[in-house]
Amino acid sequence: MIRFSHGIATSVGRVRRVNEDSFLVIPPLYAVADGMGGHGSGDVASRLAVEALARCAGLRPLFVEAVLAALEEANRVIIDRNEVNRMGTTVTGLAGLEAAIGGDHLMVFNVGDSRVYRLAADHVEQLTVDHSEVQELVLAGVLTPEQARVHPRRNIVTRALGSAPVLLPEHLLVPATGGDRFLICSDGLHGELPDEVILSLLAIANPQHAAEALVAAANDAGGHDNVTAVVVDIESAAPAPVFSPATDGADETLTPRDQQFGERRRPGERRRPGKPSAPSGPSALGDTAGDAAGPPADVGLAGLGLIGPDRT
């Protein structure tokens with residue numbers, strides 16, 4: 001049985017007016033989708049993607065073909081909704097798969113330039129390969145990774161849900177090892193933060209605190225895009241007949257309009273002073289600018305109390 005725990009943070013950033021990222025956290029399936037399109041249609045595309053994935057999250061056992069079929073379904077639905085405005089979305093994530101032979105594994109899947117990282121002892125390992133123009137130039141030896149980070153066409157993706165009837169997702173399988181930590185994020189995070197900063201913040205022990213710190217740091221670095229981070233811990237992994245959902249909170253299928261920064265607490269656990277609590281449940285879709293709960297969407301490390309004047 002694979003047991004998961006996770007933390008989530010998302011922000012509209014400091015430039016955009018609408019958060020077009022969506023995320024899915026229904027153990028054993030996690031995903032982040034980064035929507036694209038004019039007049040607010042990107043958030044529709046990303047929401048459709050996570051909703052399609054959510055429909056297969058309850059399968060036991062969950063298997064590779066089911067996840068790929070959900071991605072195909074999302075692609076068809078988004079294309080069908082492309083009436084006036086072109087819209088699309090990246091999507092990336094991981095899914096826990098049980099196996100009678102060979103032990104449990106995690107499926108890492110990707111379409112576009114959102115990423116999955118694995119935290120190793122002293123570095124972060126990027127498990128996905130970006131589907132972008134600059135990544136193709138890196139692979140061709142034309143650009144270095146450092147040059148690609150600041151290239152003017154770094155945001156041009158070569159694959160996305162909603163862009164073509166034939167979808168070409170990539171996936172790989174990695175062993176599910178207790179103690180491993182993964183980061184699923186949109187390009188608003190990895191586009192702002194170098195690997196060494198991601199490493200230092202991803203190493204924060206509590207997954208919710210790590211997710212909040214990563215998003216806050218991306219805002220401090222400029223916040224030029226929407227930012228979403230899902231931090232997933234593998235608490236234990238052993239062969240078992242079925243998966244069980246994590247027991248530390250309710251399953252969630254949310255768009256950023258349903259949740260802002262918050263603190264996940266187990267039943268009966270007291271709220272920590274100075275930290276906002278998470279909303280008690282999904283709210284109606286709407287502009288988060290008027291929400292009373294949670295700190296401002298562009299909160300930085302100082303707002304989280306992670307940096308600031310020395311205290312005596």
# chains A, B, ... in the order shown; residues from 1 in each chain; ligands from 1
$ select_by_dssp --residues "range 10-246 of chain A" --states "strand (DSSP E)" --output "MDAnalysis selection string"
chainID A and resid 10:11 21:26 29:37 87:89 91:97 105:111 115:119 124:126 170:175 181:185 227:237
$ select_by_dssp --residues "range 18-75 of chain A" --states "helix (DSSP H, G or I)" --output "ChimeraX atom specification"
/A:41-54,64-75
$ residues_around --residues "range 91-99 of chain A" --least-positions-apart "4" --cutoff "7 Å" --atoms "only C-alpha atoms" --output "number ranges by chain"
A: 28-34, 61-63, 103-112, 114-116, 184
$ write_last_selection --atoms "C-alpha atoms" --output "JSON list (two decimals), in the first residue's frame"
[["chain", "number", "residue", "atom", "x", "y", "z"],
["A", 28, "PRO", "CA", -3.12, 8.32, -5.44],
["A", 29, "LEU", "CA", -3.43, 10.86, -8.29],
["A", 30, "TYR", "CA", -1.88, 14.34, -8.30],
["A", 31, "ALA", "CA", -1.69, 16.87, -11.14],
["A", 32, "VAL", "CA", -1.09, 20.51, -12.03],
["A", 33, "ALA", "CA", -2.51, 22.10, -15.19],
["A", 34, "ASP", "CA", -1.44, 25.51, -16.53],
["A", 61, "PRO", "CA", -6.29, -0.58, -9.21],
["A", 62, "LEU", "CA", -5.29, 2.61, -11.01],
["A", 63, "PHE", "CA", -3.28, 1.76, -14.12],
["A", 103, "GLY", "CA", 6.31, -3.69, -6.26],
["A", 104, "ASP", "CA", 4.39, -0.44, -6.36],
["A", 105, "HIS", "CA", 5.36, 2.31, -8.80],
["A", 106, "LEU", "CA", 4.56, 5.90, -9.57],
["A", 107, "MET", "CA", 3.57, 6.99, -13.05],
["A", 108, "VAL", "CA", 4.97, 10.41, -13.96],
["A", 109, "PHE", "CA", 3.11, 11.98, -16.89],
["A", 110, "ASN", "CA", 3.51, 15.22, -18.80],
["A", 111, "VAL", "CA", 2.14, 17.34, -21.67],
["A", 112, "GLY", "CA", 3.67, 20.81, -21.98],
["A", 114, "SER", "CA", 4.85, 22.11, -16.27],
["A", 115, "ARG", "CA", 7.24, 19.85, -14.35],
["A", 116, "VAL", "CA", 7.67, 17.04, -11.85],
["A", 184, "ILE", "CA", 4.60, 19.13, -9.24]]
$ closest_residue --among "A:Leu202, A:Leu183, A:Ala45, A:Leu189" --to "Val232 in chain A" --atoms "only C-alpha atoms"
A:Leu183
$ residues_around --residues "Ala69 in chain A" --least-positions-apart "4" --cutoff "9 Å" --atoms "only C-alpha atoms" --output "number ranges by chain"
A: 53, 56, 64-65, 73-74
$ write_last_selection --atoms "N, CA and C atoms" --output "PDB file, in the first residue's frame"
ATOM      1  N   LEU A  53      -9.179  13.955 -15.201  1.00  0.00           N
ATOM      2  CA  LEU A  53      -8.312  13.086 -14.411  1.00  0.00           C
ATOM      3  C   LEU A  53      -9.007  12.625 -13.135  1.00  0.00           C
ATOM      4  N   CYS A  56     -10.977   9.357 -13.117  1.00  0.00           N
ATOM      5  CA  CYS A  56     -10.314   8.048 -13.090  1.00  0.00           C
ATOM      6  C   CYS A  56      -9.568   7.813 -11.783  1.00  0.00           C
ATOM      7  N   VAL A  64      -1.851   2.564 -15.871  1.00  0.00           N
ATOM      8  CA  VAL A  64      -1.313   3.525 -16.824  1.00  0.00           C
ATOM      9  C   VAL A  64      -2.335   3.878 -17.898  1.00  0.00           C
ATOM     10  N   GLU A  65      -2.975   2.866 -18.469  1.00  0.00           N
ATOM     11  CA  GLU A  65      -3.900   3.113 -19.577  1.00  0.00           C
ATOM     12  C   GLU A  65      -5.079   3.981 -19.147  1.00  0.00           C
ATOM     13  N   GLU A  73      -9.414  11.992 -23.024  1.00  0.00           N
ATOM     14  CA  GLU A  73     -10.751  12.540 -22.834  1.00  0.00           C
ATOM     15  C   GLU A  73     -10.693  14.052 -22.617  1.00  0.00           C
ATOM     16  N   ALA A  74      -9.754  14.493 -21.770  1.00  0.00           N
ATOM     17  CA  ALA A  74      -9.607  15.926 -21.518  1.00  0.00           C
ATOM     18  C   ALA A  74      -9.286  16.672 -22.806  1.00  0.00           C
TER      19      ALA A  74
END
$ closest_residue --among "A:Val129, A:Ala148, A:Ala217, A:Val227" --to "Leu172 in chain A" --atoms "only C-alpha atoms"
A:Val129
$ residues_around --residues "range 207-215 of chain A" --least-positions-apart "3" --cutoff "6 Å" --atoms "only C-alpha atoms" --output "list in words"
His6, Gly7, Ile8, Ala9, Leu201, Leu202, Ile204, Ala218, Ala229 and Val231 of chain A
$ atom_distance --atom1 "CA of Leu199 in chain A" --atom2 "CA of Pro175 in chain A"
21.0 Å
$ closest_residue --among "A:Asp180, A:Asp113, A:Asp233, A:Glu192" --to "Ala216 in chain A" --atoms "only C-alpha atoms"
A:Glu192
